[in-house]
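File shown here: query36.tsv, holding TSV, C-alpha atoms.
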```tsv
chain	number	residue	atom	x	y	z
A	1	MET	CA	75.05	-147.57	-89.58
A	2	THR	CA	76.42	-145.17	-92.13
A	3	PRO	CA	80.17	-144.76	-91.98
A	4	MET	CA	81.27	-141.13	-92.07
A	5	SER	CA	83.48	-140.26	-94.99
A	6	ASN	CA	84.66	-137.08	-96.64
A	7	THR	CA	82.25	-137.63	-99.44
A	8	ASP	CA	79.14	-137.93	-97.30
A	9	LEU	CA	76.32	-135.52	-97.88
A	10	LYS	CA	74.89	-133.72	-94.87
A	11	VAL	CA	71.19	-133.87	-95.52
A	12	LYS	CA	68.73	-131.98	-93.38
A	13	VAL	CA	65.26	-133.41	-93.75
A	14	TRP	CA	62.01	-132.00	-92.38
A	15	ARG	CA	60.48	-134.39	-89.85
A	16	GLY	CA	57.02	-133.85	-88.40
A	17	ALA	CA	53.92	-132.19	-89.77
A	18	GLU	CA	53.15	-128.44	-89.59
A	19	GLN	CA	55.18	-128.52	-86.38
A	20	GLY	CA	58.45	-130.30	-86.67
A	21	GLU	CA	62.17	-129.85	-87.13
A	22	PHE	CA	65.01	-130.54	-89.53
A	23	VAL	CA	66.94	-133.72	-88.74
A	24	GLU	CA	70.40	-134.25	-90.23
A	25	TYR	CA	71.37	-137.51	-91.92
A	26	LEU	CA	74.67	-138.51	-93.50
A	27	VAL	CA	74.24	-140.04	-96.93
A	28	PRO	CA	77.07	-141.37	-99.12
A	29	ARG	CA	77.55	-139.48	-102.36
A	30	ASN	CA	77.29	-141.29	-105.65
A	31	PRO	CA	77.83	-140.12	-109.17
A	32	ASN	CA	74.58	-139.13	-110.93
A	33	GLN	CA	72.71	-139.33	-107.64
A	34	THR	CA	69.31	-137.63	-107.61
A	35	VAL	CA	67.65	-135.98	-104.64
A	36	LEU	CA	65.05	-138.75	-104.70
A	37	ASP	CA	67.89	-141.29	-104.42
A	38	VAL	CA	69.06	-139.46	-101.29
A	39	VAL	CA	65.61	-139.51	-99.69
A	40	THR	CA	65.14	-143.16	-100.62
A	41	TYR	CA	68.53	-144.03	-99.10
A	42	ILE	CA	67.54	-142.37	-95.83
A	43	GLN	CA	64.27	-144.26	-95.67
A	44	ARG	CA	65.69	-147.66	-96.62
A	45	LYS	CA	68.99	-147.57	-94.76
A	46	ILE	CA	68.68	-145.09	-91.89
A	47	ASP	CA	65.12	-144.36	-90.81
A	48	PRO	CA	62.22	-146.37	-92.26
A	49	THR	CA	59.68	-144.04	-90.62
A	50	LEU	CA	60.49	-141.25	-93.11
A	51	SER	CA	57.43	-140.48	-95.25
A	52	TYR	CA	57.62	-139.15	-98.79
A	53	ARG	CA	55.87	-139.62	-102.09
A	54	PHE	CA	57.11	-140.91	-105.43
A	55	ALA	CA	55.99	-143.26	-108.17
A	56	CYS	CA	57.56	-143.26	-111.63
A	57	ARG	CA	61.09	-141.96	-110.86
A	58	VAL	CA	61.44	-140.68	-114.43
A	59	GLY	CA	59.70	-137.30	-114.39
A	60	MET	CA	56.30	-138.36	-115.65
A	61	CYS	CA	53.99	-138.74	-112.68
A	62	GLY	CA	54.57	-135.51	-110.76
A	63	SER	CA	54.44	-137.02	-107.28
A	64	CYS	CA	57.96	-136.49	-105.92
A	65	ALA	CA	58.16	-132.69	-105.78
A	66	MET	CA	59.80	-131.26	-102.63
A	67	THR	CA	61.54	-128.10	-101.52
A	68	VAL	CA	65.26	-128.66	-101.98
A	69	ASN	CA	67.64	-126.00	-100.67
A	70	GLY	CA	64.70	-123.60	-100.53
A	71	VAL	CA	63.48	-124.20	-104.09
A	72	ALA	CA	60.59	-126.42	-105.20
A	73	ARG	CA	61.83	-129.12	-107.58
A	74	TRP	CA	60.98	-132.54	-108.98
A	75	THR	CA	63.40	-134.65	-106.98
A	76	CYS	CA	63.61	-137.65	-109.31
A	77	ARG	CA	65.24	-135.60	-112.05
A	78	THR	CA	67.26	-133.22	-109.93
A	79	HIS	CA	70.88	-134.27	-109.69
A	80	VAL	CA	72.46	-133.62	-106.32
A	81	SER	CA	75.62	-132.33	-108.02
A	82	LYS	CA	73.65	-129.55	-109.75
A	83	ILE	CA	72.21	-128.01	-106.60
A	84	VAL	CA	74.33	-129.11	-103.62
A	85	GLU	CA	75.70	-126.24	-101.54
A	86	GLY	CA	79.10	-127.40	-100.26
A	87	ASP	CA	78.16	-130.81	-98.92
A	88	SER	CA	74.71	-129.83	-97.64
A	89	LEU	CA	71.18	-130.44	-98.79
A	90	GLU	CA	68.03	-129.25	-97.09
A	91	ILE	CA	64.91	-131.15	-98.05
A	92	ALA	CA	61.47	-129.95	-96.97
A	93	PRO	CA	57.88	-130.53	-98.09
A	94	LEU	CA	56.34	-128.25	-100.74
A	95	ASN	CA	55.30	-124.77	-99.63
A	96	ASN	CA	51.71	-123.49	-99.72
A	97	LEU	CA	50.26	-126.94	-98.93
A	98	PRO	CA	49.45	-128.52	-95.55
A	99	VAL	CA	52.06	-131.05	-94.46
A	100	ILE	CA	50.71	-134.51	-93.65
A	101	LYS	CA	53.98	-135.99	-92.44
A	102	ASP	CA	57.65	-135.31	-93.18
A	103	LEU	CA	57.94	-134.69	-96.93
A	104	ALA	CA	54.37	-135.61	-97.89
A	105	THR	CA	51.91	-132.76	-98.36
A	106	ASP	CA	48.15	-132.85	-98.59
A	107	MET	CA	47.48	-132.17	-102.29
A	108	ARG	CA	43.68	-132.12	-102.02
A	109	GLU	CA	43.36	-128.35	-102.15
A	110	PHE	CA	45.70	-128.20	-105.13
A	111	PHE	CA	43.59	-130.63	-107.14
A	112	ASN	CA	40.28	-129.24	-105.91
A	113	LYS	CA	41.32	-125.95	-107.42
A	114	TRP	CA	41.68	-127.65	-110.81
A	115	LYS	CA	38.04	-128.64	-110.45
A	116	GLY	CA	37.25	-125.13	-109.27
A	117	ALA	CA	38.79	-123.72	-112.45
A	118	VAL	CA	36.69	-126.19	-114.53
A	119	GLY	CA	40.00	-127.81	-115.38
A	120	PHE	CA	38.46	-130.95	-116.84
A	121	PHE	CA	37.20	-131.87	-120.29
A	122	LYS	CA	33.57	-132.31	-121.23
A	123	GLY	CA	32.52	-132.94	-124.80
A	124	ASN	CA	29.19	-133.63	-126.47
A	125	GLN	CA	30.18	-136.43	-128.85
A	126	THR	CA	29.62	-140.11	-128.24
A	127	ARG	CA	31.51	-143.20	-129.37
A	128	HIS	CA	29.10	-143.38	-132.30
A	129	ASP	CA	30.25	-140.01	-133.63
A	130	ASP	CA	33.22	-139.57	-135.88
A	131	PHE	CA	36.51	-138.35	-134.46
A	132	ALA	CA	36.71	-134.61	-133.97
A	133	LYS	CA	39.15	-133.16	-136.45
A	134	VAL	CA	41.52	-130.64	-134.93
A	135	GLU	CA	44.12	-129.21	-137.29
A	136	PRO	CA	47.54	-129.62	-135.65
A	137	GLN	CA	48.55	-126.23	-137.03
A	138	SER	CA	45.41	-124.39	-135.89
A	139	GLU	CA	45.97	-121.54	-133.45
A	140	GLU	CA	43.88	-123.18	-130.72
A	141	ARG	CA	45.75	-126.48	-130.99
A	142	GLN	CA	49.10	-124.68	-130.84
A	143	LEU	CA	48.05	-122.70	-127.77
A	144	ALA	CA	46.77	-125.84	-126.04
A	145	ASN	CA	49.98	-127.69	-126.95
A	146	ALA	CA	52.08	-125.05	-125.22
A	147	GLY	CA	50.59	-125.87	-121.83
A	148	ILE	CA	49.42	-129.46	-122.18
A	149	GLU	CA	52.44	-131.29	-120.74
A	150	CYS	CA	51.66	-130.42	-117.11
A	151	ILE	CA	52.31	-133.39	-114.82
A	152	GLY	CA	50.55	-131.84	-111.81
A	153	CYS	CA	53.63	-131.89	-109.59
A	154	GLY	CA	52.65	-128.72	-107.70
A	155	VAL	CA	56.05	-127.04	-108.09
A	156	CYS	CA	54.46	-123.91	-109.61
A	157	TYR	CA	51.81	-123.79	-106.90
A	158	ALA	CA	54.41	-124.08	-104.15
A	159	SER	CA	56.50	-121.34	-105.77
A	160	CYS	CA	53.64	-118.86	-106.25
A	161	GLU	CA	53.78	-115.71	-104.11
A	162	VAL	CA	50.11	-114.97	-104.79
A	163	VAL	CA	49.01	-118.38	-103.48
A	164	LYS	CA	50.98	-117.61	-100.33
A	165	SER	CA	49.32	-114.23	-99.76
A	166	ARG	CA	45.89	-115.19	-101.10
A	167	PRO	CA	45.18	-118.81	-100.17
A	168	ASN	CA	41.97	-118.92	-102.23
A	169	TYR	CA	43.77	-118.04	-105.47
A	170	LEU	CA	43.32	-120.89	-107.95
A	171	GLY	CA	47.04	-120.97	-108.71
A	172	PRO	CA	49.17	-121.45	-111.81
A	173	ALA	CA	48.57	-125.16	-112.47
A	174	ALA	CA	44.77	-124.95	-112.38
A	175	LEU	CA	44.72	-121.81	-114.52
A	176	ASN	CA	47.19	-123.33	-117.00
A	177	ARG	CA	44.88	-126.33	-117.36
A	178	ALA	CA	41.88	-124.04	-117.76
A	179	TRP	CA	43.74	-122.22	-120.55
A	180	THR	CA	44.56	-125.42	-122.47
A	181	LEU	CA	40.88	-126.43	-122.25
A	182	THR	CA	39.77	-122.96	-123.32
A	183	ASN	CA	41.64	-123.75	-126.52
A	184	ASP	CA	40.09	-127.21	-126.85
A	185	VAL	CA	37.49	-126.74	-129.59
A	186	ARG	CA	35.63	-129.91	-128.52
A	187	ASP	CA	34.93	-128.74	-124.97
A	188	VAL	CA	31.41	-127.54	-124.16
A	189	GLN	CA	31.86	-125.76	-120.80
A	190	GLN	CA	33.69	-122.68	-122.02
A	191	LEU	CA	31.48	-120.01	-120.48
A	192	ASP	CA	31.39	-121.82	-117.12
A	193	ARG	CA	35.16	-121.98	-117.26
A	194	LEU	CA	35.55	-118.28	-118.03
A	195	ARG	CA	33.28	-117.47	-115.08
A	196	ALA	CA	35.26	-119.80	-112.83
A	197	VAL	CA	38.62	-118.23	-113.65
A	198	ALA	CA	37.36	-114.64	-113.45
A	199	GLY	CA	37.29	-112.62	-110.27
A	200	ASP	CA	39.40	-112.12	-107.18
A	201	GLU	CA	40.51	-115.72	-106.89
A	202	GLY	CA	41.13	-116.21	-110.58
A	203	CYS	CA	43.47	-115.12	-113.32
A	204	HIS	CA	43.41	-111.40	-112.60
A	205	ALA	CA	44.96	-111.98	-109.16
A	206	CYS	CA	48.21	-113.10	-110.85
A	207	HIS	CA	51.06	-110.61	-110.43
A	208	SER	CA	53.10	-112.04	-113.31
A	209	HIS	CA	56.08	-112.59	-111.02
A	210	GLY	CA	56.86	-115.62	-113.14
A	211	SER	CA	58.13	-117.97	-110.39
A	212	CYS	CA	55.85	-120.69	-111.78
A	213	THR	CA	57.40	-120.37	-115.21
A	214	GLU	CA	60.93	-120.21	-113.85
A	215	ARG	CA	60.50	-123.34	-111.76
A	216	CYS	CA	58.25	-125.52	-113.92
A	217	PRO	CA	60.26	-128.71	-114.44
A	218	ASN	CA	58.63	-129.26	-117.81
A	219	ALA	CA	59.51	-125.74	-118.97
A	220	LEU	CA	55.87	-124.72	-119.37
A	221	SER	CA	54.81	-121.12	-118.96
A	222	PRO	CA	51.77	-120.85	-116.69
A	223	THR	CA	52.42	-117.09	-116.71
A	224	ALA	CA	51.69	-116.99	-120.44
A	225	SER	CA	48.60	-119.19	-120.01
A	226	ILE	CA	47.26	-116.93	-117.25
A	227	SER	CA	47.99	-113.91	-119.39
A	228	GLY	CA	45.92	-115.50	-122.16
A	229	LEU	CA	43.06	-116.04	-119.71
A	230	LYS	CA	43.30	-112.45	-118.45
A	231	LYS	CA	42.80	-111.08	-121.94
A	232	LEU	CA	40.07	-113.55	-122.82
A	233	VAL	CA	38.12	-112.97	-119.60
A	234	ALA	CA	38.44	-109.18	-119.80
A	235	ARG	CA	37.23	-109.18	-123.39
A	236	ALA	CA	34.37	-111.51	-122.49
A	237	ALA	CA	33.35	-109.12	-119.69
A	238	VAL	CA	33.40	-106.03	-121.89
A	239	ARG	CA	32.55	-107.17	-125.40
A	240	GLY	CA	31.47	-110.77	-124.91
A	241	SER	CA	33.17	-113.86	-126.31
A	242	LYS	CA	32.36	-116.39	-129.01
A	243	TRP	CA	30.68	-118.45	-126.30
A	244	GLY	CA	28.59	-115.57	-124.92
A	245	LYS	CA	28.90	-112.76	-122.44
A	246	LEU	CA	30.47	-113.23	-119.03
B	1	MET	CA	27.40	-106.49	-112.24
B	2	SER	CA	29.00	-109.53	-110.68
B	3	GLN	CA	32.24	-109.21	-108.75
B	4	ALA	CA	34.07	-111.22	-111.40
B	5	VAL	CA	32.87	-109.03	-114.27
B	6	LEU	CA	33.74	-105.89	-112.31
B	7	GLN	CA	37.21	-107.28	-111.62
B	8	ALA	CA	37.75	-108.06	-115.29
B	9	LYS	CA	36.57	-104.60	-116.35
B	10	LEU	CA	38.81	-102.92	-113.80
B	11	TRP	CA	41.74	-104.95	-115.11
B	12	TYR	CA	40.95	-103.83	-118.64
B	13	ALA	CA	40.61	-100.20	-117.54
B	14	GLN	CA	43.94	-100.35	-115.76
B	15	ARG	CA	45.66	-101.93	-118.72
B	16	ILE	CA	44.35	-99.36	-121.20
B	17	SER	CA	45.11	-96.45	-118.85
B	18	ALA	CA	48.64	-97.88	-118.48
B	19	MET	CA	49.11	-97.67	-122.24
B	20	VAL	CA	47.94	-94.05	-122.20
B	21	LEU	CA	50.21	-93.31	-119.24
B	22	GLY	CA	53.17	-94.86	-121.03
B	23	VAL	CA	52.81	-92.35	-123.87
B	24	CYS	CA	51.98	-89.44	-121.53
B	25	VAL	CA	54.95	-90.07	-119.23
B	26	ALA	CA	57.33	-90.23	-122.20
B	27	ILE	CA	56.04	-86.92	-123.59
B	28	HIS	CA	56.02	-85.38	-120.11
B	29	LEU	CA	59.66	-86.40	-119.53
B	30	ALA	CA	60.68	-85.02	-122.91
B	31	ILE	CA	59.00	-81.71	-122.05
B	32	ILE	CA	60.80	-81.65	-118.69
B	33	PHE	CA	64.18	-82.16	-120.36
B	34	TYR	CA	63.33	-79.41	-122.83
B	35	ALA	CA	61.97	-77.08	-120.16
B	36	ILE	CA	64.89	-77.20	-117.73
B	37	ARG	CA	67.49	-76.05	-120.25
B	38	GLY	CA	68.81	-72.84	-118.74
B	39	GLY	CA	66.86	-72.99	-115.49
B	40	LEU	CA	63.24	-73.25	-114.61
B	41	THR	CA	60.90	-70.39	-113.73
B	42	ALA	CA	57.15	-70.21	-113.16
B	43	GLN	CA	56.97	-67.44	-115.72
B	44	GLU	CA	58.62	-69.56	-118.37
B	45	ILE	CA	56.24	-72.46	-117.68
B	46	LEU	CA	53.15	-70.25	-117.76
B	47	GLY	CA	54.45	-68.61	-120.89
B	48	ARG	CA	54.30	-72.00	-122.52
B	49	THR	CA	51.05	-73.27	-121.10
B	50	GLN	CA	48.83	-70.22	-120.66
B	51	GLY	CA	46.14	-70.15	-123.29
B	52	ASN	CA	47.64	-73.21	-124.96
B	53	LEU	CA	44.73	-75.60	-125.48
B	54	GLY	CA	47.03	-78.41	-126.70
B	55	PHE	CA	48.94	-78.45	-123.43
B	56	ALA	CA	45.70	-78.33	-121.43
B	57	ILE	CA	44.15	-81.24	-123.32
B	58	PHE	CA	47.34	-83.31	-123.10
B	59	TYR	CA	47.67	-82.83	-119.36
B	60	GLU	CA	43.97	-83.44	-118.73
B	61	ILE	CA	44.29	-86.76	-120.56
B	62	PHE	CA	47.30	-87.49	-118.33
B	63	VAL	CA	45.20	-86.67	-115.24
B	64	LEU	CA	42.31	-88.85	-116.41
B	65	ALA	CA	44.65	-91.78	-117.04
B	66	CYS	CA	46.08	-91.41	-113.50
B	67	PHE	CA	42.53	-91.11	-112.15
B	68	VAL	CA	41.70	-94.51	-113.65
B	69	HIS	CA	45.04	-96.27	-113.18
B	70	ALA	CA	46.34	-95.49	-109.70
B	71	PRO	CA	43.20	-96.16	-107.59
B	72	ILE	CA	42.70	-99.61	-109.18
B	73	GLY	CA	46.27	-100.52	-108.28
B	74	VAL	CA	45.90	-99.22	-104.74
B	75	ALA	CA	42.60	-101.09	-104.38
B	76	ASN	CA	44.32	-104.32	-105.45
B	77	ILE	CA	47.14	-103.80	-102.96
B	78	LEU	CA	44.70	-103.05	-100.12
B	79	GLN	CA	42.47	-105.98	-101.05
B	80	GLU	CA	45.42	-108.34	-100.94
B	81	ASN	CA	47.03	-107.07	-97.77
B	82	ILE	CA	44.17	-105.97	-95.52
B	83	PRO	CA	41.03	-107.53	-97.01
B	84	GLN	CA	39.19	-107.53	-93.68
B	85	ALA	CA	39.61	-103.84	-92.98
B	86	GLY	CA	36.90	-102.78	-95.46
B	87	MET	CA	39.10	-99.85	-96.49
B	88	THR	CA	39.58	-100.82	-100.12
B	89	LYS	CA	36.65	-98.94	-101.62
B	90	PRO	CA	36.77	-95.75	-99.50
B	91	ILE	CA	40.54	-95.27	-99.82
B	92	SER	CA	40.69	-95.96	-103.55
B	93	TRP	CA	37.69	-93.70	-104.25
B	94	LEU	CA	39.21	-90.95	-102.11
B	95	LEU	CA	42.49	-91.26	-104.01
B	96	ALA	CA	40.63	-91.23	-107.34
B	97	LEU	CA	38.75	-88.02	-106.46
B	98	LEU	CA	41.90	-86.36	-105.12
B	99	ILE	CA	43.80	-87.12	-108.32
B	100	LEU	CA	40.90	-85.90	-110.47
B	101	ILE	CA	40.25	-82.69	-108.53
B	102	LEU	CA	43.84	-81.69	-107.80
B	103	GLY	CA	45.01	-82.68	-111.28
B	104	THR	CA	42.23	-80.85	-113.08
B	105	THR	CA	42.71	-77.78	-110.87
B	106	ALA	CA	46.38	-77.76	-111.83
B	107	VAL	CA	45.56	-78.07	-115.53
B	108	ILE	CA	43.06	-75.18	-115.30
B	109	GLY	CA	45.65	-73.16	-113.38
B	110	LEU	CA	48.28	-73.66	-116.07
B	111	TYR	CA	45.84	-72.89	-118.87
B	112	THR	CA	44.39	-69.73	-117.34
B	113	GLY	CA	47.57	-68.67	-115.55
B	114	GLY	CA	45.66	-68.54	-112.28
B	115	ALA	CA	43.07	-66.07	-113.58
B	116	ILE	CA	40.15	-68.02	-112.12
```

Would you mind writing the file's structure down as structure tokens?
Amino acid sequence: MTPMSNTDLKVKVWRGAEQGEFVEYLVPRNPNQTVLDVVTYIQRKIDPTLSYRFACRVGMCGSCAMTVNGVARWTCRTHVSKIVEGDSLEIAPLNNLPVIKDLATDMREFFNKWKGAVGFFKGNQTRHDDFAKVEPQSEERQLANAGIECIGCGVCYASCEVVKSRPNYLGPAALNRAWTLTNDVRDVQQLDRLRAVAGDEGCHACHSHGSCTERCPNALSPTASISGLKKLVARAAVRGSKWGKL
Amino acid sequence: MSQAVLQAKLWYAQRISAMVLGVCVAIHLAIIFYAIRGGLTAQEILGRTQGNLGFAIFYEIFVLACFVHAPIGVANILQENIPQAGMTKPISWLLALLILILGTTAVIGLYTGGAI
């Protein structure tokens, strides 16, 4: 039993799958409490059937993202005090992804789109070759650096208006990854990647609303990455690229 | 041409036509501010534009930029909102031709003063 006190948080949590409802729980407030702490409290002390996902608790793994008071966030590093409205929190699963149960979404489509955007590295060196030398100050390395710290949390994807209206759109995370690899001088699938991110479901579908950039917990700018792809792909279609014509 | 290449080329065309439009709209607005000092009459406008090749070329460039820019945007909106209707191509082509024909007719009218 949770005793009611003035300092209790009223937390509405989504229960169910695609069909379901918000259920209210009372959770004691603590200083420096994170949203993940709140969810964990509910599961451990009130209702052990609550399903949610987390792993590292320190903002590295990208598994605990949820919709908190209408906004997608990483819950392990979101302090309740920063976002609480009065004494209420509303916690729901991420948007734009099928709900498996409660706060856990099915991320398969999200990660399949990374594959679809050729968002994986392939080189042509072996362990017998020397290390590739990439100048830290080179333009490509700098561009890759700008987008490399993605933890795959899905916050950008859940915040994207284009994903909502065009479910086949590859989405900001996959395109951001494609952009960092486009700037990886060791990768050998560049033309395949440009073809994969071109077209109706690729970079040119982005409206540059910038929700991904605004919400990215790691302060990356998928909007800038997609913009880079747009220019690169358009040039490749008209004039060709250093890897060949689109 | 593959769909992806077409999409990329259309994006490029829309971007370049937007740059042209940016300049054209600024000049057009400046002309409007200049022209409406002390009222606006058809005679005054024709007095400026009739036989003036510079005006005609400027406004034809404006028309061509609209002809490229607007239909691509409308096509994107239609494709996103009613992709099943199959209306994207016919509506955007119709709009493109309307802009080109009406715009060019207007430019010719201003240049000749309605003589042809």

Interface, chain B side, toward chain A (8 Å; only C-alpha atoms) as a PyMOL selection string: chain B and resi 3-9+11-12+80-81

Atomic distance atom CA of A:Ala17 - atom CA of B:Gln84, expressed in Å with one decimal: 29.0 Å

Nearest-residue call for A:Gln190, choices A:Ala92, A:Ala72, A:Leu229, A:Val35, using all atoms listed in the file: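 Result for the nearest residue to A:Gln190: A:Leu229.
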
Separation of atom CA of A:Trp179 from atom CA of A:Ser227 in Å: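 Between atom CA of A:Ser227 and atom CA of A:Trp179 the gap is 9.4 Å.
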
All residues 7 Å or closer to stretch 41-58 of chain B, all atoms listed in the file, same chain fewer than 4 positions away omitted, as a PyMOL selection string: chain B and resi 62+107+110-113

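Put simply, atom CA of A:Gly152 is 13.6 Å away from atom CA of A:Ser221.
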
May I have the centre and edge lengths, in Å to one decimal, of an axis-aligned box around the listed atoms of stretch 97-115 of chain A with 8 Å added to every side, as AutoDock Vina command-line options?
```
--center_x 48.0 --center_y -131.0 --center_z -101.6 --size_x 35.9 --size_y 26.0 --size_z 34.4
```

Counting all atoms listed in the file, the option among A:Tyr157, A:Trp74, A:Tyr25, A:Tyr169 closest to A:Ala117: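 Selected residue with least distance to A:Ala117: A:Tyr169.
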
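With only C-alpha atoms as the atoms that count, the residue of B:Val74, B:Ile36, B:Ala18, B:Cys66 with the shortest distance to B:Thr104 is B:Cys66.
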
Counting all atoms listed in the file, the residue of A:Leu220, A:Val68, A:Cys156, A:Val188 that sits nearest A:Gly123: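 For A:Gly123, the nearest of the candidates is A:Val188.
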
Local residues around (31.4, -121.0, -124.6), at most 9 Å away, using all atoms listed in the file, as JSON, numbers by chain: {"A": [182, 187, 188, 189, 190, 191, 192, 193, 194, 241, 242, 243, 244, 245]}

Near-stretch 138-142 of chain A list (8 Å; only C-alpha atoms; drop same-chain fewer than 6 positions) as a list in words: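 Using only C-alpha atoms, the neighbours found are Asn183, Asp184 and Val185 of chain A.
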